[in-house]
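*Asks:* First, the structure itself, so that you have it in front of you.
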Amino acid sequence: MLQKHSILLWKKAESKEKNFEEIAKEAFRTLDIFQEYPWILRPNYLTVELEKDIKEFDWNYENFRRTLKESVNREDEIIFEDLGYCLSFFSSTNEIDASGFLMLVGNKNDKFCNVFDMKLPLSLCLYDRENADMIEQIFKKLVYYYKPFWGCVSNSVLSEKYGRFMEKDLPRTVHWLNYWSDSICSAIGTEKIQRIVRENEEASFTGGIFKIKNTAINAEAEDEMEYQMQLHNQLFS
């Protein structure tokens, strides 16, 4: 069973007053955290249409700012600046080691969210405690800098099982790592979350980040899937 993991963050639309410079600096600071981590977790290459055009991205603010400005939402020659800017990067030309980054920032239309979506490399085992701790650390930093209202580290098997991530402003299920805004926590019930933490040694809940175990959920382990279902029923039934 192939299990793919992703870091997903959804952010509300920006205020109308926010200018491009503010948007660009925040977006750069968010992605810049990956420079502290191994090569396979960095945005090393800008996604391009033709393979022959692939080249290493010169990682500095001015280059990022210019590239972001060119990625404005458009249809032919019509620019929709209020719908934001979208960039896509990847870490390696070796597929098994490749992270994929998709970042939408600067959207000011309340009908849409800003999105951060990072596909983690298949070669990175999240059932290993050291790797899991590293991704947890990254997740916390992303929450701090991107300022989402919801986020998770998803497993593709669970994602397919539940179909969508949110429904009626509530998560469809609980993942290994979760970020829930105050309004989401209130809707779920903070006491439910705290009870799970009291009853499960590996679970934790700090600053809106709810972790259910120390390493990622392994969909091939029956006891882990039963544990996930138990928490799902406690939180959402």
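Each chain in the structure tokens gets a letter, A, B and so on, in the order shown; residues start at 1 in every chain, and ligands are counted from 1 in the order they appear.
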Residues within 6 Å of Asn107 (chain A), please, as a PyMOL selection string. Count only C-alpha atoms; anything in the same chain fewer than 4 positions from it doesn't count.
*Replies:* chain A and resi 13-14+82-84
*Asks:* From a DSSP calculation on the backbone, collect every residue of region 3-174 of chain A in strand (DSSP E or B) and output the set as a PyMOL selection string.
*Replies:* chain A and resi 5-11+45-46+56+72+74-75+78-79+83-90+100-107+114-119+150-155+166-167+170-171
*Asks:* Between CA of Tyr85 (chain A) and CA of Ser15 (chain A), measure the distance and give it in Å to one decimal.
*Replies:*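 Going from CA of Tyr85 (chain A) over to CA of Ser15 (chain A), I get 14.8 Å.
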*Asks:* Tell me which of A:Asn114, A:Thr206, A:Gln194, A:Thr215 sits closest to His175 (chain A), counting only C-alpha atoms.
*Replies:*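 Nearest to His175 (chain A): A:Thr215.
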*Asks:* In Å, with one decimal, what is the gap from CA of Ile184 (chain A) to CA of Gly207 (chain A)?
*Replies:*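 Straight-line distance from CA of Ile184 (chain A) to CA of Gly207 (chain A) works out to 12.8 Å.
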*Asks:* Can you build me a table of region 55-95 of chain A residues sitting at most 12 Å from region 18-25 of chain A, with the closest atom pair per residue and its distance in Å to one decimal, using only C-alpha atoms, sorted by chain and residue number, as a Markdown table?
*Replies:*
```
| residue | atom | partner | partner_atom | distance |
| --- | --- | --- | --- | --- |
| A:Asn60 | CA | A:Lys25 | CA | 11.2 |
| A:Tyr61 | CA | A:Lys25 | CA | 7.8 |
| A:Glu62 | CA | A:Ala24 | CA | 9.7 |
| A:Asn63 | CA | A:Ala24 | CA | 10.9 |
| A:Phe64 | CA | A:Ala24 | CA | 8.0 |
| A:Arg65 | CA | A:Ala24 | CA | 5.9 |
| A:Arg66 | CA | A:Ala24 | CA | 9.2 |
| A:Thr67 | CA | A:Ala24 | CA | 9.9 |
| A:Leu68 | CA | A:Ala24 | CA | 7.2 |
| A:Lys69 | CA | A:Phe20 | CA | 8.2 |
| A:Glu70 | CA | A:Ala24 | CA | 11.7 |
| A:Ser71 | CA | A:Ala24 | CA | 11.5 |
| A:Val72 | CA | A:Phe20 | CA | 10.6 |
| A:Glu81 | CA | A:Phe20 | CA | 9.5 |
| A:Asp82 | CA | A:Phe20 | CA | 10.4 |
| A:Gly84 | CA | A:Ile23 | CA | 9.3 |
| A:Tyr85 | CA | A:Ile23 | CA | 9.3 |
| A:Cys86 | CA | A:Ala24 | CA | 11.3 |
| A:Leu87 | CA | A:Ala24 | CA | 11.4 |
```
*Asks:* Applying 6 Å and only C-alpha atoms, which residues near Asn155 (chain A) remain after dropping the ones on its own chain fewer than 2 positions away? List them as a PyMOL selection string.
*Replies:* chain A and resi 4-5+157-158
*Asks:* If you keep N, CA and C atoms, can you produce a file of those selected residues as an mmCIF file, in the first residue's frame?
*Replies:*
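Output file out_28.cif is given in full below:
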```
data_model
loop_
_atom_site.group_PDB
_atom_site.id
_atom_site.type_symbol
_atom_site.label_atom_id
_atom_site.label_comp_id
_atom_site.auth_asym_id
_atom_site.auth_seq_id
_atom_site.Cartn_x
_atom_site.Cartn_y
_atom_site.Cartn_z
ATOM 1 N N LYS A 4 1.240 8.253 0.832
ATOM 2 C CA LYS A 4 1.865 9.536 0.569
ATOM 3 C C LYS A 4 1.416 10.529 1.639
ATOM 4 N N HIS A 5 2.348 11.351 2.092
ATOM 5 C CA HIS A 5 2.035 12.326 3.138
ATOM 6 C C HIS A 5 2.183 13.753 2.610
ATOM 7 N N VAL A 157 -4.063 7.589 2.312
ATOM 8 C CA VAL A 157 -5.070 6.546 2.540
ATOM 9 C C VAL A 157 -6.252 7.119 3.322
ATOM 10 N N LEU A 158 -5.952 7.897 4.372
ATOM 11 C CA LEU A 158 -7.031 8.534 5.136
ATOM 12 C C LEU A 158 -7.759 9.581 4.302
#
```
*Asks:* Under the rule that only C-alpha atoms are counted, which of A:Cys152, A:Arg29, A:Gln3, A:Phe101 is the nearest residue to Asn44 (chain A)?
*Replies:*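 Nearest candidate to Asn44 (chain A) out of A:Cys152, A:Arg29, A:Gln3, A:Phe101: A:Phe101.
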*Asks:* Identify all residues of region 43-189 of chain A in alpha helix (DSSP H) (DSSP on the backbone) and supply them as number ranges by chain.
*Replies:* A: 61-70, 129-146, 156-162, 182-188
*Asks:* Which residues, written as an MDAnalysis selection string, have at least one atom at most 9 Å from region 126-141 of chain A, with only C-alpha atoms counted and residues fewer than 5 positions away on the same chain left out?
*Replies:* chainID A and resid 5 7 30 33:34 37 146 151:153 177 179 209 211 214:218
*Asks:* Could you work out how far CA of Glu202 (chain A) lies from CA of Glu224 (chain A), giving the answer in Å with one decimal?
*Replies:*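 Computed distance, CA of Glu224 (chain A) to CA of Glu202 (chain A), equals 12.6 Å.
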